[in-house]
>>> print(open('final-v9.pdb').read())   # PDB, C-alpha atoms, pLDDT in the B column
ATOM      1  CA  PRO A   1      12.270  15.555  -2.234  1.00 41.00           C
ATOM      2  CA  GLU A   2      11.756  12.111  -3.627  1.00 40.00           C
ATOM      3  CA  ARG A   3       8.643  11.819  -5.731  1.00 39.00           C
ATOM      4  CA  THR A   4       6.142   9.431  -4.181  1.00 39.00           C
ATOM      5  CA  PRO A   5       2.783   8.300  -5.518  1.00 39.00           C
ATOM      6  CA  GLY A   6       0.729   9.174  -2.444  1.00 40.00           C
ATOM      7  CA  ARG A   7      -2.009   6.923  -1.161  1.00 38.00           C
ATOM      8  CA  PHE A   8      -4.783   6.316  -3.630  1.00 37.00           C
ATOM      9  CA  PHE A   9      -8.063   4.887  -2.326  1.00 37.00           C
ATOM     10  CA  GLU A  10     -11.265   4.361  -4.214  1.00 37.00           C
ATOM     11  CA  ASN A  11     -14.807   3.101  -4.138  1.00 33.00           C
ATOM     12  CA  LEU A  12     -15.347   1.332  -7.461  1.00 31.00           C
ATOM     13  CA  ARG A  13     -18.878   0.679  -8.642  1.00 32.00           C
ATOM     14  CA  ASP A  14     -17.726  -1.630 -11.400  1.00 34.00           C
ATOM     15  CA  ALA A  15     -14.006  -2.344 -11.439  1.00 32.00           C
ATOM     16  CA  ASP A  16     -14.299  -4.921 -14.217  1.00 33.00           C
ATOM     17  CA  ALA A  17     -15.792  -2.350 -16.559  1.00 33.00           C
ATOM     18  CA  LEU A  18     -12.855  -0.012 -16.010  1.00 32.00           C
ATOM     19  CA  HIS A  19     -10.361  -2.706 -16.923  1.00 30.00           C
ATOM     20  CA  LEU A  20     -12.199  -3.474 -20.171  1.00 30.00           C
ATOM     21  CA  LEU A  21     -11.820   0.079 -21.445  1.00 31.00           C
ATOM     22  CA  MET A  22      -8.732   0.785 -23.570  1.00 27.00           C
ATOM     23  CA  ARG A  23      -6.645   3.799 -24.333  1.00 28.00           C
ATOM     24  CA  THR A  24      -6.628   4.805 -27.983  1.00 27.00           C
ATOM     25  CA  THR A  25      -4.276   7.593 -28.961  1.00 26.00           C
ATOM     26  CA  THR A  26      -0.882   9.250 -28.377  1.00 25.00           C
ATOM     27  CA  ILE A  27       0.069  12.330 -26.398  1.00 27.00           C
ATOM     28  CA  ALA A  28      -0.534  15.441 -28.503  1.00 29.00           C
ATOM     29  CA  ALA A  29       0.352  18.249 -26.120  1.00 30.00           C
ATOM     30  CA  LEU A  30       1.246  19.106 -22.530  1.00 30.00           C
ATOM     31  CA  LEU A  31       1.215  22.393 -20.703  1.00 32.00           C
ATOM     32  CA  ALA A  32       4.557  24.182 -20.519  1.00 30.00           C
ATOM     33  CA  GLY A  33       6.634  22.713 -17.747  1.00 32.00           C
ATOM     34  CA  ALA A  34       4.601  19.513 -17.457  1.00 32.00           C
ATOM     35  CA  LEU A  35       7.325  17.410 -19.025  1.00 28.00           C
ATOM     36  CA  CYS A  36       9.672  17.779 -16.071  1.00 29.00           C
ATOM     37  CA  GLY A  37       9.407  14.672 -13.906  1.00 32.00           C
ATOM     38  CA  CYS A  38       6.143  13.526 -15.455  1.00 34.00           C
ATOM     39  CA  HIS A  39       4.951   9.973 -15.914  1.00 36.00           C
ATOM     40  CA  ASP A  40       4.840   8.385 -19.357  1.00 38.00           C
ATOM     41  CA  HIS A  41       1.193   8.402 -20.373  1.00 40.00           C
ATOM     42  CA  GLY A  42       1.599   5.951 -23.217  1.00 39.00           C
ATOM     43  CA  ASP A  43      -1.335   6.469 -25.561  1.00 39.00           C
ATOM     44  CA  SER A  44      -3.279   9.094 -23.571  1.00 49.00           C
ATOM     45  CA  ALA A  45      -3.731  12.339 -25.485  1.00 56.00           C
ATOM     46  CA  VAL A  46      -4.614  15.820 -24.293  1.00 59.00           C
ATOM     47  CA  SER A  47      -5.294  19.169 -25.870  1.00 52.00           C
ATOM     48  CA  HIS A  48      -5.508  22.627 -24.326  1.00 50.00           C
ATOM     49  CA  SER A  49      -7.973  25.412 -24.990  1.00 45.00           C
ATOM     50  CA  ALA A  50      -9.478  28.513 -23.421  1.00 50.00           C
ATOM     51  CA  ASP A  51     -12.912  26.987 -22.775  1.00 63.00           C
ATOM     52  CA  VAL A  52     -14.282  25.814 -19.411  1.00 91.00           C
ATOM     53  CA  TRP A  53     -12.836  22.307 -19.885  1.00 92.00           C
ATOM     54  CA  TYR A  54      -9.496  23.877 -20.670  1.00 91.00           C
ATOM     55  CA  VAL A  55      -7.487  20.649 -20.691  1.00 95.00           C
ATOM     56  CA  ARG A  56      -9.184  17.632 -22.218  1.00 93.00           C
ATOM     57  CA  TYR A  57      -8.491  14.286 -23.825  1.00 95.00           C
ATOM     58  CA  ASP A  58      -8.856  14.060 -27.569  1.00 93.00           C
ATOM     59  CA  ASN A  59     -12.171  12.237 -26.979  1.00 93.00           C
ATOM     60  CA  GLY A  60     -13.483  15.378 -25.273  1.00 92.00           C
ATOM     61  CA  HIS A  61     -13.372  14.150 -21.685  1.00 95.00           C
ATOM     62  CA  PRO A  62     -12.074  16.774 -19.228  1.00 96.00           C
ATOM     63  CA  VAL A  63      -8.710  16.762 -17.462  1.00 97.00           C
ATOM     64  CA  ALA A  64      -8.978  20.265 -15.953  1.00 97.00           C
ATOM     65  CA  ALA A  65     -12.212  22.233 -15.739  1.00 97.00           C
ATOM     66  CA  ALA A  66     -12.879  25.756 -14.487  1.00 96.00           C
ATOM     67  CA  SER A  67     -16.212  26.868 -13.050  1.00 95.00           C
ATOM     68  CA  SER A  68     -17.945  30.136 -12.189  1.00 93.00           C
ATOM     69  CA  ASP A  69     -21.139  28.401 -11.023  1.00 94.00           C
ATOM     70  CA  ALA A  70     -21.963  29.723  -7.538  1.00 94.00           C
ATOM     71  CA  TYR A  71     -23.795  26.515  -6.606  1.00 95.00           C
ATOM     72  CA  ILE A  72     -20.810  24.326  -7.510  1.00 96.00           C
ATOM     73  CA  LEU A  73     -18.266  26.649  -5.903  1.00 96.00           C
ATOM     74  CA  SER A  74     -20.205  26.960  -2.642  1.00 97.00           C
ATOM     75  CA  HIS A  75     -20.386  23.176  -2.253  1.00 97.00           C
ATOM     76  CA  GLU A  76     -16.664  22.847  -2.986  1.00 98.00           C
ATOM     77  CA  ASN A  77     -15.769  25.604  -0.545  1.00 98.00           C
ATOM     78  CA  GLU A  78     -17.905  24.116   2.203  1.00 98.00           C
ATOM     79  CA  LEU A  79     -16.279  20.689   1.952  1.00 98.00           C
ATOM     80  CA  PHE A  80     -12.811  22.229   1.814  1.00 98.00           C
ATOM     81  CA  ALA A  81     -13.542  24.243   4.969  1.00 98.00           C
ATOM     82  CA  LEU A  82     -14.745  21.117   6.787  1.00 98.00           C
ATOM     83  CA  VAL A  83     -11.555  19.264   5.881  1.00 98.00           C
ATOM     84  CA  ASN A  84      -9.396  22.171   7.030  1.00 98.00           C
ATOM     85  CA  ASP A  85     -11.381  22.495  10.268  1.00 98.00           C
ATOM     86  CA  HIS A  86     -10.598  18.858  10.973  1.00 98.00           C
ATOM     87  CA  ARG A  87      -6.899  19.284  10.178  1.00 98.00           C
ATOM     88  CA  VAL A  88      -6.561  22.320  12.422  1.00 98.00           C
ATOM     89  CA  ALA A  89      -8.359  20.487  15.237  1.00 98.00           C
ATOM     90  CA  MET A  90      -5.796  17.691  14.849  1.00 98.00           C
ATOM     91  CA  GLY A  91      -2.915  20.166  15.109  1.00 98.00           C
ATOM     92  CA  LEU A  92      -2.100  20.036  11.398  1.00 98.00           C
ATOM     93  CA  PRO A  93      -1.582  23.066   9.156  1.00 98.00           C
ATOM     94  CA  ALA A  94      -4.514  24.172   7.037  1.00 98.00           C
ATOM     95  CA  LEU A  95      -4.316  23.270   3.363  1.00 98.00           C
ATOM     96  CA  ILE A  96      -4.100  25.889   0.617  1.00 98.00           C
ATOM     97  CA  HIS A  97      -7.124  25.733  -1.703  1.00 94.00           C
ATOM     98  CA  GLU A  98      -5.222  25.956  -4.956  1.00 95.00           C
ATOM     99  CA  GLY A  99      -7.094  26.703  -8.175  1.00 96.00           C
ATOM    100  CA  ARG A 100      -5.393  24.367 -10.630  1.00 96.00           C
ATOM    101  CA  THR A 101      -5.565  21.400  -8.252  1.00 98.00           C
ATOM    102  CA  ARG A 102      -9.225  22.253  -7.767  1.00 98.00           C
ATOM    103  CA  ASP A 103      -9.797  22.268 -11.530  1.00 98.00           C
ATOM    104  CA  VAL A 104      -8.232  18.813 -11.904  1.00 98.00           C
ATOM    105  CA  ALA A 105     -10.403  17.490  -9.063  1.00 98.00           C
ATOM    106  CA  ARG A 106     -13.513  19.089 -10.578  1.00 97.00           C
ATOM    107  CA  ALA A 107     -12.760  17.591 -13.988  1.00 97.00           C
ATOM    108  CA  HIS A 108     -12.584  14.115 -12.472  1.00 97.00           C
ATOM    109  CA  SER A 109     -15.982  14.604 -10.820  1.00 97.00           C
ATOM    110  CA  ILE A 110     -17.411  15.723 -14.177  1.00 97.00           C
ATOM    111  CA  HIS A 111     -15.728  12.785 -15.906  1.00 96.00           C
ATOM    112  CA  MET A 112     -17.291  10.310 -13.444  1.00 96.00           C
ATOM    113  CA  SER A 113     -20.685  11.900 -14.056  1.00 95.00           C
ATOM    114  CA  ILE A 114     -20.614  11.825 -17.850  1.00 94.00           C
ATOM    115  CA  GLY A 115     -18.855   8.451 -17.983  1.00 94.00           C
ATOM    116  CA  ASP A 116     -21.017   6.655 -15.400  1.00 92.00           C
ATOM    117  CA  PHE A 117     -17.969   5.329 -13.556  1.00 95.00           C
ATOM    118  CA  THR A 118     -16.548   5.813 -10.079  1.00 95.00           C
ATOM    119  CA  GLY A 119     -12.938   5.347  -9.072  1.00 96.00           C
ATOM    120  CA  LEU A 120      -9.508   6.897  -9.114  1.00 97.00           C
ATOM    121  CA  VAL A 121      -8.549   5.458 -12.513  1.00 96.00           C
ATOM    122  CA  ASN A 122     -10.549   6.895 -15.385  1.00 96.00           C
ATOM    123  CA  PRO A 123     -11.612   5.089 -18.579  1.00 94.00           C
ATOM    124  CA  GLU A 124      -8.512   6.469 -20.317  1.00 95.00           C
ATOM    125  CA  GLY A 125      -6.426   4.525 -17.783  1.00 95.00           C
ATOM    126  CA  ASP A 126      -4.985   7.536 -15.925  1.00 97.00           C
ATOM    127  CA  ASP A 127      -4.707   7.682 -12.132  1.00 97.00           C
ATOM    128  CA  PRO A 128      -4.704  10.931 -10.093  1.00 97.00           C
ATOM    129  CA  GLY A 129      -0.986  11.591 -10.554  1.00 97.00           C
ATOM    130  CA  ASP A 130      -1.259  10.975 -14.290  1.00 97.00           C
ATOM    131  CA  ARG A 131      -4.107  13.467 -14.578  1.00 97.00           C
ATOM    132  CA  ALA A 132      -2.163  16.036 -12.566  1.00 97.00           C
ATOM    133  CA  ASP A 133       0.746  15.611 -14.976  1.00 97.00           C
ATOM    134  CA  LEU A 134      -1.488  16.066 -18.009  1.00 97.00           C
ATOM    135  CA  ALA A 135      -2.806  19.313 -16.515  1.00 96.00           C
ATOM    136  CA  GLY A 136       0.731  20.577 -15.944  1.00 96.00           C
ATOM    137  CA  LEU A 137       0.810  20.323 -12.147  1.00 96.00           C
ATOM    138  CA  SER A 138       4.146  19.610 -10.495  1.00 96.00           C
ATOM    139  CA  TRP A 139       4.073  17.348  -7.461  1.00 97.00           C
ATOM    140  CA  THR A 140       6.166  15.205  -5.172  1.00 98.00           C
ATOM    141  CA  THR A 141       3.167  13.712  -3.358  1.00 97.00           C
ATOM    142  CA  TYR A 142      -0.309  13.404  -4.834  1.00 98.00           C
ATOM    143  CA  ALA A 143      -3.371  11.667  -3.416  1.00 98.00           C
ATOM    144  CA  GLU A 144      -7.092  11.689  -4.042  1.00 98.00           C
ATOM    145  CA  ASN A 145     -10.382  11.039  -2.269  1.00 98.00           C
ATOM    146  CA  ILE A 146     -13.641  10.494  -4.122  1.00 98.00           C
ATOM    147  CA  GLU A 147     -17.272  10.121  -3.133  1.00 98.00           C
ATOM    148  CA  TYR A 148     -20.561   9.845  -4.973  1.00 97.00           C
ATOM    149  CA  ASP A 149     -24.314   9.648  -4.305  1.00 96.00           C
ATOM    150  CA  LEU A 150     -24.000  12.036  -1.336  1.00 96.00           C
ATOM    151  CA  HIS A 151     -25.146  15.658  -1.654  1.00 95.00           C
ATOM    152  CA  SER A 152     -24.144  17.211   1.661  1.00 97.00           C
ATOM    153  CA  PRO A 153     -20.519  18.329   2.123  1.00 98.00           C
ATOM    154  CA  PHE A 154     -20.856  17.374   5.794  1.00 98.00           C
ATOM    155  CA  ASP A 155     -21.890  13.820   4.846  1.00 98.00           C
ATOM    156  CA  VAL A 156     -18.994  13.534   2.398  1.00 98.00           C
ATOM    157  CA  CYS A 157     -16.465  14.691   4.984  1.00 98.00           C
ATOM    158  CA  SER A 158     -17.929  12.311   7.564  1.00 98.00           C
ATOM    159  CA  GLU A 159     -17.699   9.420   5.095  1.00 98.00           C
ATOM    160  CA  TRP A 160     -14.057  10.188   4.340  1.00 98.00           C
ATOM    161  CA  LEU A 161     -13.149  10.439   8.007  1.00 98.00           C
ATOM    162  CA  ALA A 162     -14.774   7.038   8.571  1.00 98.00           C
ATOM    163  CA  SER A 163     -12.630   5.474   5.823  1.00 97.00           C
ATOM    164  CA  PRO A 164      -9.080   4.712   7.036  1.00 96.00           C
ATOM    165  CA  GLY A 165      -7.418   5.337   3.693  1.00 97.00           C
ATOM    166  CA  MET A 166      -9.219   8.565   2.886  1.00 98.00           C
ATOM    167  CA  HIS A 167      -8.819   9.736   6.481  1.00 98.00           C
ATOM    168  CA  ASP A 168      -5.066   9.200   6.074  1.00 98.00           C
ATOM    169  CA  ASN A 169      -5.068  11.449   3.005  1.00 98.00           C
ATOM    170  CA  ILE A 170      -6.841  14.197   4.944  1.00 98.00           C
ATOM    171  CA  ASP A 171      -4.409  13.898   7.864  1.00 98.00           C
ATOM    172  CA  ASP A 172      -1.262  13.613   5.748  1.00 98.00           C
ATOM    173  CA  PRO A 173       1.186  16.158   7.248  1.00 97.00           C
ATOM    174  CA  HIS A 174       3.238  16.278   4.057  1.00 96.00           C
ATOM    175  CA  VAL A 175       0.610  17.680   1.673  1.00 98.00           C
ATOM    176  CA  THR A 176       0.275  21.453   1.507  1.00 98.00           C
ATOM    177  CA  HIS A 177      -2.162  22.173  -1.323  1.00 98.00           C
ATOM    178  CA  ALA A 178      -5.552  20.704  -2.180  1.00 98.00           C
ATOM    179  CA  GLY A 179      -8.609  21.222  -4.327  1.00 98.00           C
ATOM    180  CA  VAL A 180     -12.210  20.051  -4.108  1.00 98.00           C
ATOM    181  CA  GLY A 181     -14.241  19.389  -7.236  1.00 97.00           C
ATOM    182  CA  PHE A 182     -18.012  18.838  -7.192  1.00 97.00           C
ATOM    183  CA  GLU A 183     -20.434  17.893  -9.962  1.00 96.00           C
ATOM    184  CA  HIS A 184     -24.198  17.545  -9.743  1.00 95.00           C
ATOM    185  CA  ASP A 185     -26.127  15.915 -12.586  1.00 94.00           C
ATOM    186  CA  ALA A 186     -29.614  14.618 -11.836  1.00 92.00           C
ATOM    187  CA  GLU A 187     -29.582  12.653 -15.095  1.00 92.00           C
ATOM    188  CA  SER A 188     -26.428  10.711 -14.219  1.00 93.00           C
ATOM    189  CA  MET A 189     -26.053   7.381 -12.433  1.00 91.00           C
ATOM    190  CA  TRP A 190     -25.228   8.770  -8.971  1.00 95.00           C
ATOM    191  CA  ASN A 191     -26.357  12.433  -9.167  1.00 95.00           C
ATOM    192  CA  ASP A 192     -23.541  13.890  -7.036  1.00 97.00           C
ATOM    193  CA  TYR A 193     -19.796  13.364  -7.473  1.00 97.00           C
ATOM    194  CA  TRP A 194     -16.967  14.621  -5.275  1.00 98.00           C
ATOM    195  CA  THR A 195     -13.209  14.615  -5.708  1.00 98.00           C
ATOM    196  CA  MET A 196     -10.564  16.084  -3.424  1.00 98.00           C
ATOM    197  CA  ASP A 197      -6.968  16.098  -4.606  1.00 98.00           C
ATOM    198  CA  PHE A 198      -4.079  16.558  -2.174  1.00 98.00           C
ATOM    199  CA  ARG A 199      -0.709  17.784  -3.425  1.00 98.00           C
ATOM    200  CA  ARG A 200       2.773  18.646  -2.277  1.00 98.00           C
ATOM    201  CA  PRO A 201       4.626  20.548  -5.041  1.00 95.00           C
TER     202      PRO A 201
END
>>> encode(input="final-v9.pdb", output="structure tokens")
Amino acid sequence: PERTPGRFFENLRDADALHLLMRTTTIAALLAGALCGCHDHGDSAVSHSADVWYVRYDNGHPVAAASSDAYILSHENELFALVNDHRVAMGLPALIHEGRTRDVARAHSIHMSIGDFTGLVNPEGDDPGDRADLAGLSWTTYAENIEYDLHSPFDVCSEWLASPGMHDNIDDPHVTHAGVGFEHDAESMWNDYWTMDFRRP
């Protein structure tokens, strides 16, 4: 199918600050298979390793991040279940909670926390589809919802359903896979950060 960008919606705390930040380096490596159909990332650079942030920019910021933290995983699972409950109630198929999509979503939540920014475009200048490419995900449709400063999965889901754009992402009949990423950091600007990525391979 034709590759489409999906619908990207965001709540930006400081859009001007994002536009002032510049990319700095060139692509160093991509996961096997990521080159097929991928966007040109210009001067973004990534490296790959076996650690928890297993795909990261050369400045150390995460692109894909695994987690075995029961607290993090339980929050992610709860929000994912709420979204799927809504889809099923609307007569839509349940989404597949796919690990690599989840890791990309989680990395963006971590990135927002450590970078004190909120939005779909990170300080490196990459949007959700760009980040999926850097992590080696194939996609024909890719979209993302974010939220911050809310701790309860129920409150996050309610907020998304009240937002026309993010509600559209949840109800998109074309996406089949998704992943929820949560980060909690009491020392950060907004404490709690949520990302849900929606993907059709």
>>> residues_around(input="final-v9.pdb", residues="Trp139 (chain A)", least_positions_apart="6", cutoff="7 Å", atoms="all atoms listed in the file", output="PyMOL selection string")
chain A and resi 199-201
>>> atom_distance(input="final-v9.pdb", atom1="CA of His111 (chain A)", atom2="CA of His174 (chain A)")
27.8 Å
>>> resolve_selection(input="final-v9.pdb", expression="the PyMOL selection byres ((chain A and resi 106-110) around 6)", output="PyMOL selection string")
chain A and resi 62-65+103-105+111-113+181-183+193-195
>>> atom_distance(input="final-v9.pdb", atom1="CA of Asn145 (chain A)", atom2="CA of Gly115 (chain A)")
18.0 Å
>>> atom_distance(input="final-v9.pdb", atom1="CA of Leu82 (chain A)", atom2="CA of Pro153 (chain A)")
7.9 Å
>>> residues_around(input="final-v9.pdb", residues="region 86-100 of chain A", least_positions_apart="6", cutoff="12 Å", atoms="all atoms listed in the file", output="PyMOL selection string")
chain A and resi 54-55+63-67+73+76-80+106-107+131-138+154+157-158+160-161+167-181+196-201
>>> closest_residue(input="final-v9.pdb", among="A:Ala70, A:Ala162, A:Ala81, A:Met189", to="Asp149 (chain A)", atoms="only C-alpha atoms")
A:Met189
>>> closest_residue(input="final-v9.pdb", among="A:Glu187, A:Asp58, A:Asp192, A:Asp85", to="Ser152 (chain A)", atoms="all atoms listed in the file")
A:Asp192
>>> closest_residue(input="final-v9.pdb", among="A:Ile146, A:His151, A:Tyr71, A:Asp127", to="Ser163 (chain A)", atoms="only C-alpha atoms")
A:Ile146
>>> closest_residue(input="final-v9.pdb", among="A:Glu124, A:Ile72, A:Asp130, A:Glu159", to="Arg102 (chain A)", atoms="only C-alpha atoms")
A:Ile72
>>> closest_residue(input="final-v9.pdb", among="A:Thr140, A:His61, A:Trp53, A:Leu150", to="Asn122 (chain A)", atoms="only C-alpha atoms")
A:His61
>>> closest_residue(input="final-v9.pdb", among="A:Leu120, A:Thr141, A:Pro128, A:His75", to="His184 (chain A)", atoms="all atoms listed in the file")
A:His75
>>> decode(input="final-v9.pdb", residues="region 187-198 of chain A", atoms="all heavy atoms", output="PDB file, in the first residue's frame")
ATOM      1  N   GLU A 187      11.703  14.354  39.155  1.00  0.00           N
ATOM      2  CA  GLU A 187      12.618  15.491  39.067  1.00  0.00           C
ATOM      3  C   GLU A 187      12.479  16.252  37.751  1.00  0.00           C
ATOM      4  O   GLU A 187      13.136  17.274  37.551  1.00  0.00           O
ATOM      5  CB  GLU A 187      14.064  15.007  39.214  1.00  0.00           C
ATOM      6  CG  GLU A 187      14.355  14.257  40.502  1.00  0.00           C
ATOM      7  CD  GLU A 187      14.075  15.110  41.732  1.00  0.00           C
ATOM      8  OE1 GLU A 187      14.453  16.292  41.712  1.00  0.00           O
ATOM      9  OE2 GLU A 187      13.489  14.591  42.699  1.00  0.00           O
ATOM     10  N   SER A 188      11.648  15.768  36.859  1.00  0.00           N
ATOM     11  CA  SER A 188      11.515  16.400  35.540  1.00  0.00           C
ATOM     12  C   SER A 188      10.447  17.487  35.564  1.00  0.00           C
ATOM     13  O   SER A 188       9.746  17.684  36.568  1.00  0.00           O
ATOM     14  CB  SER A 188      11.164  15.349  34.487  1.00  0.00           C
ATOM     15  OG  SER A 188       9.864  14.824  34.741  1.00  0.00           O
ATOM     16  N   MET A 189      10.283  18.167  34.439  1.00  0.00           N
ATOM     17  CA  MET A 189       9.362  19.290  34.347  1.00  0.00           C
ATOM     18  C   MET A 189       7.918  18.873  34.611  1.00  0.00           C
ATOM     19  O   MET A 189       7.180  19.545  35.323  1.00  0.00           O
ATOM     20  CB  MET A 189       9.479  19.920  32.954  1.00  0.00           C
ATOM     21  CG  MET A 189       8.540  21.094  32.717  1.00  0.00           C
ATOM     22  SD  MET A 189       9.062  22.606  33.561  1.00  0.00           S
ATOM     23  CE  MET A 189      10.492  23.046  32.554  1.00  0.00           C
ATOM     24  N   TRP A 190       7.495  17.740  34.001  1.00  0.00           N
ATOM     25  CA  TRP A 190       6.075  17.365  34.045  1.00  0.00           C
ATOM     26  C   TRP A 190       5.812  16.036  34.745  1.00  0.00           C
ATOM     27  O   TRP A 190       4.670  15.575  34.776  1.00  0.00           O
ATOM     28  CB  TRP A 190       5.518  17.323  32.615  1.00  0.00           C
ATOM     29  CG  TRP A 190       5.626  18.629  31.906  1.00  0.00           C
ATOM     30  CD1 TRP A 190       6.518  18.974  30.937  1.00  0.00           C
ATOM     31  CD2 TRP A 190       4.825  19.797  32.134  1.00  0.00           C
ATOM     32  NE1 TRP A 190       6.326  20.270  30.529  1.00  0.00           N
ATOM     33  CE2 TRP A 190       5.293  20.807  31.247  1.00  0.00           C
ATOM     34  CE3 TRP A 190       3.758  20.094  32.984  1.00  0.00           C
ATOM     35  CZ2 TRP A 190       4.731  22.074  31.198  1.00  0.00           C
ATOM     36  CZ3 TRP A 190       3.201  21.363  32.936  1.00  0.00           C
ATOM     37  CH2 TRP A 190       3.685  22.336  32.050  1.00  0.00           C
ATOM     38  N   ASN A 191       6.814  15.407  35.297  1.00  0.00           N
ATOM     39  CA  ASN A 191       6.691  14.187  36.109  1.00  0.00           C
ATOM     40  C   ASN A 191       6.318  12.929  35.315  1.00  0.00           C
ATOM     41  O   ASN A 191       6.990  11.909  35.418  1.00  0.00           O
ATOM     42  CB  ASN A 191       5.689  14.361  37.256  1.00  0.00           C
ATOM     43  CG  ASN A 191       6.099  15.436  38.225  1.00  0.00           C
ATOM     44  OD1 ASN A 191       7.274  15.599  38.506  1.00  0.00           O
ATOM     45  ND2 ASN A 191       5.131  16.191  38.738  1.00  0.00           N
ATOM     46  N   ASP A 192       5.218  12.981  34.568  1.00  0.00           N
ATOM     47  CA  ASP A 192       4.727  11.801  33.863  1.00  0.00           C
ATOM     48  C   ASP A 192       4.592  12.094  32.375  1.00  0.00           C
ATOM     49  O   ASP A 192       4.033  13.129  31.992  1.00  0.00           O
ATOM     50  CB  ASP A 192       3.371  11.362  34.417  1.00  0.00           C
ATOM     51  CG  ASP A 192       3.470  10.909  35.854  1.00  0.00           C
ATOM     52  OD1 ASP A 192       4.131   9.885  36.110  1.00  0.00           O
ATOM     53  OD2 ASP A 192       2.891  11.585  36.732  1.00  0.00           O
ATOM     54  N   TYR A 193       5.059  11.155  31.550  1.00  0.00           N
ATOM     55  CA  TYR A 193       5.087  11.338  30.101  1.00  0.00           C
ATOM     56  C   TYR A 193       4.563  10.065  29.440  1.00  0.00           C
ATOM     57  O   TYR A 193       4.971   8.953  29.787  1.00  0.00           O
ATOM     58  CB  TYR A 193       6.518  11.622  29.617  1.00  0.00           C
ATOM     59  CG  TYR A 193       7.141  12.829  30.278  1.00  0.00           C
ATOM     60  CD1 TYR A 193       7.707  12.719  31.542  1.00  0.00           C
ATOM     61  CD2 TYR A 193       7.149  14.073  29.650  1.00  0.00           C
ATOM     62  CE1 TYR A 193       8.268  13.835  32.168  1.00  0.00           C
ATOM     63  CE2 TYR A 193       7.718  15.186  30.262  1.00  0.00           C
ATOM     64  CZ  TYR A 193       8.266  15.059  31.522  1.00  0.00           C
ATOM     65  OH  TYR A 193       8.813  16.148  32.141  1.00  0.00           O
ATOM     66  N   TRP A 194       3.679  10.247  28.478  1.00  0.00           N
ATOM     67  CA  TRP A 194       3.033   9.133  27.791  1.00  0.00           C
ATOM     68  C   TRP A 194       3.160   9.296  26.286  1.00  0.00           C
ATOM     69  O   TRP A 194       2.982  10.391  25.757  1.00  0.00           O
ATOM     70  CB  TRP A 194       1.548   9.089  28.132  1.00  0.00           C
ATOM     71  CG  TRP A 194       1.234   8.919  29.583  1.00  0.00           C
ATOM     72  CD1 TRP A 194       1.123   9.905  30.527  1.00  0.00           C
ATOM     73  CD2 TRP A 194       0.963   7.694  30.257  1.00  0.00           C
ATOM     74  NE1 TRP A 194       0.800   9.369  31.744  1.00  0.00           N
ATOM     75  CE2 TRP A 194       0.690   8.005  31.614  1.00  0.00           C
ATOM     76  CE3 TRP A 194       0.910   6.354  29.840  1.00  0.00           C
ATOM     77  CZ2 TRP A 194       0.380   7.036  32.552  1.00  0.00           C
ATOM     78  CZ3 TRP A 194       0.599   5.385  30.786  1.00  0.00           C
ATOM     79  CH2 TRP A 194       0.341   5.726  32.126  1.00  0.00           C
ATOM     80  N   THR A 195       3.429   8.199  25.626  1.00  0.00           N
ATOM     81  CA  THR A 195       3.448   8.169  24.157  1.00  0.00           C
ATOM     82  C   THR A 195       2.760   6.883  23.714  1.00  0.00           C
ATOM     83  O   THR A 195       3.005   5.820  24.273  1.00  0.00           O
ATOM     84  CB  THR A 195       4.889   8.176  23.615  1.00  0.00           C
ATOM     85  OG1 THR A 195       5.587   9.315  24.124  1.00  0.00           O
ATOM     86  CG2 THR A 195       4.899   8.216  22.085  1.00  0.00           C
ATOM     87  N   MET A 196       1.885   6.992  22.705  1.00  0.00           N
ATOM     88  CA  MET A 196       1.335   5.801  22.084  1.00  0.00           C
ATOM     89  C   MET A 196       1.533   5.936  20.577  1.00  0.00           C
ATOM     90  O   MET A 196       1.086   6.901  19.969  1.00  0.00           O
ATOM     91  CB  MET A 196      -0.152   5.621  22.396  1.00  0.00           C
ATOM     92  CG  MET A 196      -0.721   4.301  21.854  1.00  0.00           C
ATOM     93  SD  MET A 196      -2.335   3.896  22.577  1.00  0.00           S
ATOM     94  CE  MET A 196      -2.546   2.221  21.918  1.00  0.00           C
ATOM     95  N   ASP A 197       2.238   4.973  20.012  1.00  0.00           N
ATOM     96  CA  ASP A 197       2.496   4.942  18.585  1.00  0.00           C
ATOM     97  C   ASP A 197       1.599   3.909  17.917  1.00  0.00           C
ATOM     98  O   ASP A 197       1.443   2.789  18.418  1.00  0.00           O
ATOM     99  CB  ASP A 197       3.971   4.617  18.313  1.00  0.00           C
ATOM    100  CG  ASP A 197       4.875   5.801  18.602  1.00  0.00           C
ATOM    101  OD1 ASP A 197       4.375   6.858  19.021  1.00  0.00           O
ATOM    102  OD2 ASP A 197       6.099   5.659  18.404  1.00  0.00           O
ATOM    103  N   PHE A 198       1.028   4.296  16.775  1.00  0.00           N
ATOM    104  CA  PHE A 198       0.120   3.457  16.011  1.00  0.00           C
ATOM    105  C   PHE A 198       0.771   3.166  14.661  1.00  0.00           C
ATOM    106  O   PHE A 198       1.253   4.081  13.991  1.00  0.00           O
ATOM    107  CB  PHE A 198      -1.215   4.167  15.782  1.00  0.00           C
ATOM    108  CG  PHE A 198      -1.908   4.620  17.048  1.00  0.00           C
ATOM    109  CD1 PHE A 198      -1.570   5.830  17.644  1.00  0.00           C
ATOM    110  CD2 PHE A 198      -2.890   3.843  17.634  1.00  0.00           C
ATOM    111  CE1 PHE A 198      -2.211   6.262  18.813  1.00  0.00           C
ATOM    112  CE2 PHE A 198      -3.545   4.262  18.779  1.00  0.00           C
ATOM    113  CZ  PHE A 198      -3.199   5.462  19.369  1.00  0.00           C
TER     114      PHE A 198
END
